[in-house]
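Structure data (PDB, C-alpha atoms) from input-v3.pdb:
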MODEL        1
ATOM      1  CA  MET A   4      35.804 -33.412   3.664
ATOM      2  CA  LYS A   5      33.921 -30.421   5.125
ATOM      3  CA  LYS A   6      31.889 -29.976   1.918
ATOM      4  CA  GLY A   7      30.864 -33.636   1.945
ATOM      5  CA  LEU A   8      29.800 -33.437   5.598
ATOM      6  CA  LEU A   9      27.864 -30.225   4.923
ATOM      7  CA  LEU A  10      25.998 -31.892   2.031
ATOM      8  CA  VAL A  11      25.100 -34.896   4.203
ATOM      9  CA  VAL A  12      23.811 -32.603   7.002
ATOM     10  CA  LEU A  13      21.812 -30.578   4.456
ATOM     11  CA  ALA A  14      20.271 -33.734   2.937
ATOM     12  CA  VAL A  15      19.264 -35.034   6.392
ATOM     13  CA  ALA A  16      17.705 -31.644   7.257
ATOM     14  CA  ILE A  17      15.672 -31.651   4.039
ATOM     15  CA  MET A  18      14.440 -35.183   4.707
ATOM     16  CA  LEU A  19      13.417 -34.242   8.271
ATOM     17  CA  VAL A  20      11.452 -31.246   6.994
ATOM     18  CA  GLY A  21       9.676 -33.524   4.508
ATOM     19  CA  VAL A  22       8.812 -36.046   7.249
ATOM     20  CA  VAL A  23       7.464 -33.287   9.528
ATOM     21  CA  ALA A  24       5.368 -31.843   6.683
ATOM     22  CA  TYR A  25       3.959 -35.295   5.867
ATOM     23  CA  ALA A  26       3.261 -36.002   9.542
ATOM     24  CA  ASN A  27       1.067 -32.889   9.687
ATOM     25  CA  ALA A  28      -0.910 -33.815   6.575
ATOM     26  CA  ASP A  29      -4.455 -35.143   6.873
ATOM     27  CA  THR A  30      -5.689 -38.124   4.892
ATOM     28  CA  VAL A  31      -9.366 -39.121   4.757
ATOM     29  CA  THR A  32     -10.660 -42.132   2.860
ATOM     30  CA  VAL A  33     -14.365 -42.234   2.070
ATOM     31  CA  THR A  34     -15.772 -45.609   1.099
ATOM     32  CA  LYS A  35     -19.297 -46.281  -0.104
ATOM     33  CA  VAL A  36     -20.443 -49.897  -0.141
ATOM     34  CA  GLY A  37     -23.652 -50.888  -1.844
ATOM     35  CA  SER A  38     -25.253 -53.742  -3.645
ATOM     36  CA  GLY A  39     -26.564 -54.183  -7.144
ATOM     37  CA  THR A  40     -25.653 -52.284 -10.273
ATOM     38  CA  ALA A  41     -26.466 -48.765  -9.001
ATOM     39  CA  ALA A  42     -23.637 -46.230  -9.271
ATOM     40  CA  GLN A  43     -21.776 -45.534  -6.056
ATOM     41  CA  THR A  44     -20.768 -42.026  -4.929
ATOM     42  CA  ALA A  45     -18.148 -41.012  -2.368
ATOM     43  CA  THR A  46     -17.865 -37.381  -1.254
ATOM     44  CA  ASP A  47     -15.461 -35.465   0.984
ATOM     45  CA  THR A  48     -15.096 -31.779   1.749
ATOM     46  CA  VAL A  49     -11.827 -29.868   2.092
ATOM     47  CA  THR A  50     -11.800 -26.669   4.142
ATOM     48  CA  VAL A  51      -9.552 -23.859   2.900
ATOM     49  CA  LYS A  52      -8.220 -21.428   5.511
ATOM     50  CA  ALA A  53      -6.312 -18.181   5.151
ATOM     51  CA  ALA A  54      -5.701 -15.234   7.451
ATOM     52  CA  VAL A  55      -5.654 -12.122   5.255
ATOM     53  CA  ASN A  56      -3.477  -9.294   6.557
ATOM     54  CA  PRO A  57      -4.471  -5.637   6.340
ATOM     55  CA  LYS A  58      -2.452  -3.894   3.636
ATOM     56  CA  LEU A  59      -2.071  -0.198   2.916
ATOM     57  CA  VAL A  60       0.121   1.429   0.258
ATOM     58  CA  LEU A  61       0.496   5.173  -0.403
ATOM     59  CA  THR A  62       2.402   6.288  -3.500
ATOM     60  CA  VAL A  63       3.120   9.988  -4.027
ATOM     61  CA  VAL A  64       4.454  11.278  -7.364
ATOM     62  CA  THR A  65       5.709  14.867  -7.524
ATOM     63  CA  PRO A  66       6.773  16.980 -10.509
ATOM     64  CA  ALA A  67      10.399  17.114  -9.301
ATOM     65  CA  ALA A  68      12.752  14.926  -7.294
ATOM     66  CA  PRO A  69      13.111  14.400  -4.395
ATOM     67  CA  GLN A  70       9.405  14.685  -3.511
ATOM     68  CA  THR A  71       9.397  18.353  -4.505
ATOM     69  CA  VAL A  72       7.149  20.937  -6.120
ATOM     70  CA  ASP A  73       9.463  23.790  -7.175
ATOM     71  CA  PHE A  74       7.924  27.070  -8.333
ATOM     72  CA  GLY A  75      11.344  28.700  -8.736
ATOM     73  CA  ALA A  76      11.641  32.496  -8.442
ATOM     74  CA  VAL A  77       8.226  34.083  -7.898
ATOM     75  CA  ASP A  78       6.876  37.619  -7.552
ATOM     76  CA  PRO A  79       4.409  38.780  -4.907
ATOM     77  CA  GLY A  80       0.871  39.379  -6.097
ATOM     78  CA  THR A  81       1.182  36.905  -8.985
ATOM     79  CA  ALA A  82      -0.587  33.530  -9.229
ATOM     80  CA  TYR A  83       1.497  30.439 -10.084
ATOM     81  CA  GLY A  84       0.445  26.890 -10.861
ATOM     82  CA  PRO A  85      -1.157  24.569 -10.770
ATOM     83  CA  GLN A  86       1.453  21.842 -10.384
ATOM     84  CA  ALA A  87       0.014  18.374  -9.879
ATOM     85  CA  VAL A  88       0.986  15.930  -7.153
ATOM     86  CA  ASN A  89      -0.510  12.497  -7.783
ATOM     87  CA  LEU A  90      -1.364  10.091  -4.996
ATOM     88  CA  THR A  91      -2.366   6.458  -5.272
ATOM     89  CA  VAL A  92      -3.863   4.552  -2.342
ATOM     90  CA  GLN A  93      -4.203   0.787  -2.210
ATOM     91  CA  SER A  94      -6.091  -0.583   0.778
ATOM     92  CA  ASN A  95      -8.078  -3.691   1.610
ATOM     93  CA  LYS A  96      -9.902  -1.765   4.367
ATOM     94  CA  THR A  97     -11.750   1.531   4.239
ATOM     95  CA  TYR A  98      -9.436   4.442   4.909
ATOM     96  CA  ASN A  99      -9.154   8.181   5.447
ATOM     97  CA  VAL A 100      -6.664  10.523   3.803
ATOM     98  CA  SER A 101      -5.664  13.596   5.780
ATOM     99  CA  ILE A 102      -3.446  16.504   4.803
ATOM    100  CA  ALA A 103      -1.317  18.654   7.103
ATOM    101  CA  LYS A 104       0.398  21.811   5.802
ATOM    102  CA  ALA A 105       3.135  23.913   7.361
ATOM    103  CA  GLY A 106       4.589  27.181   6.058
ATOM    104  CA  ASP A 107       1.846  27.489   3.461
ATOM    105  CA  ALA A 108       0.467  30.870   4.529
ATOM    106  CA  THR A 109       3.808  32.676   4.178
ATOM    107  CA  ILE A 110       4.050  31.904   0.447
ATOM    108  CA  GLY A 111       0.321  31.674  -0.310
ATOM    109  CA  LEU A 112       0.304  27.927  -1.022
ATOM    110  CA  THR A 113      -3.055  26.318  -1.728
ATOM    111  CA  THR A 114      -3.845  22.717  -2.598
ATOM    112  CA  SER A 115      -6.953  21.263  -4.177
ATOM    113  CA  LEU A 116      -7.489  18.259  -1.884
ATOM    114  CA  GLY A 117      -9.504  18.886   1.235
ATOM    115  CA  GLY A 118      -8.263  18.410   4.763
ATOM    116  CA  SER A 119      -9.622  14.869   5.082
ATOM    117  CA  SER A 120     -11.519  12.434   2.914
ATOM    118  CA  GLY A 121     -12.865   8.922   3.463
ATOM    119  CA  ASN A 122     -12.716   6.214   0.868
ATOM    120  CA  ALA A 123     -13.715   2.620   0.293
ATOM    121  CA  LYS A 124     -11.595  -0.496  -0.060
ATOM    122  CA  THR A 125      -9.696  -0.340  -3.314
ATOM    123  CA  ALA A 126      -6.980  -2.008  -5.336
ATOM    124  CA  SER A 127      -5.946   1.417  -6.612
ATOM    125  CA  GLN A 128      -7.552   4.815  -5.967
ATOM    126  CA  GLY A 129      -5.919   7.852  -7.531
ATOM    127  CA  PHE A 130      -6.028  11.449  -6.317
ATOM    128  CA  THR A 131      -4.604  14.599  -7.864
ATOM    129  CA  ASP A 132      -3.671  17.467  -5.573
ATOM    130  CA  ASN A 133      -3.035  20.679  -7.507
ATOM    131  CA  TYR A 134      -0.586  23.070  -5.854
ATOM    132  CA  SER A 135      -0.813  26.810  -6.551
ATOM    133  CA  LEU A 136       0.996  29.874  -5.188
ATOM    134  CA  ASN A 137      -0.127  33.439  -4.790
ATOM    135  CA  VAL A 138       2.618  35.084  -2.740
ATOM    136  CA  PRO A 139       1.275  37.913  -0.538
ATOM    137  CA  TRP A 140       2.861  41.361  -0.817
ATOM    138  CA  THR A 141       3.594  41.114   2.911
ATOM    139  CA  THR A 142       6.076  38.230   2.434
ATOM    140  CA  ASP A 143       9.677  39.378   2.856
ATOM    141  CA  PRO A 144      12.089  38.498   0.020
ATOM    142  CA  GLY A 145      13.965  35.231   0.593
ATOM    143  CA  SER A 146      13.783  31.477   0.151
ATOM    144  CA  TYR A 147      10.848  29.699   1.731
ATOM    145  CA  THR A 148       9.868  26.085   2.178
ATOM    146  CA  ALA A 149       6.406  24.761   2.917
ATOM    147  CA  THR A 150       5.468  21.147   3.538
ATOM    148  CA  VAL A 151       2.379  19.111   2.765
ATOM    149  CA  GLN A 152       2.091  15.799   4.588
ATOM    150  CA  TYR A 153      -0.334  13.106   3.433
ATOM    151  CA  THR A 154      -1.436  10.526   5.995
ATOM    152  CA  VAL A 155      -3.585   7.520   5.148
ATOM    153  CA  VAL A 156      -5.152   5.601   8.041
ATOM    154  CA  GLN A 157      -7.176   2.427   7.684
ATOM    155  CA  ASN A 158     -10.463   2.371   9.592
TER     156      ASN A 158
ENDMDL
END

Any chance you could put this one into structure tokens?
Amino acid sequence: MKKGLLLVVLAVAIMLVGVVAYANADTVTVTKVGSGTAAQTATDTVTVKAAVNPKLVLTVVTPAAPQTVDFGAVDPGTAYGPQAVNLTVQSNKTYNVSIAKAGDATIGLTTSLGGSSGNAKTASQGFTDNYSLNVPWTTDPGSYTATVQYTVVQN
């Protein structure tokens, strides 16, 4: 009994949605009346409207999970790298990419991308940021973590 009632309510709801959609439709009839054997032409124009949203996507691919560049055990005074971090930006507005580092000086971390760069609208723009280490002799032995944060802002 309850299933039958639910199906009837659902069918009525679907019909009401169809009636509301039809009530909002617009119908125009263009009629051209002439005399003789000349061809008749009727013309109408349809306007297409859309509000396009801004969209921004940043994809970051690192050599190791989760979002990690791991140089392992390193010695002071020795250069390591590069290890590539790949970024892809998709944006339907112009944008700027900025980079913020923390803890990089202690372990001698350098990256190849500049501090900020501006770019045009794009379906897919790729960047490669090469990470390298050159640990200073003044760094005490131990485990260290540095961070690199990428921020993309639409203009």

Go through the shown structure with the PyMOL selection byres ((chain A and resi 149) around 6) and write out the matching residues as an MDAnalysis selection string.
-> chainID A and resid 105:107 148 150

Would you kindly identify which residues have an atom no farther than 9 Å from (7.3, 24.8, -4.9), using all atoms listed in the file and the file's own coordinates, and write them out as a PyMOL selection string?
-> chain A and resi 71-75+86+112+134-136+147-149

Gap from atom CA of Gly84 of chain A to atom CA of Asn133 of chain A - Å, one decimal |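 So the two atoms, atom CA of Gly84 of chain A and atom CA of Asn133 of chain A, lie 7.9 Å apart.
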
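Atom CA of Asn137 of chain A is found 8.6 Å from atom CA of Asp78 of chain A.
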
Taking (3.9, 36.0, -0.6) in the file's coordinates, which residues come within 7 Å, counting only C-alpha atoms, written as a PyMOL selection string?
-> chain A and resi 79+109-111+137-142
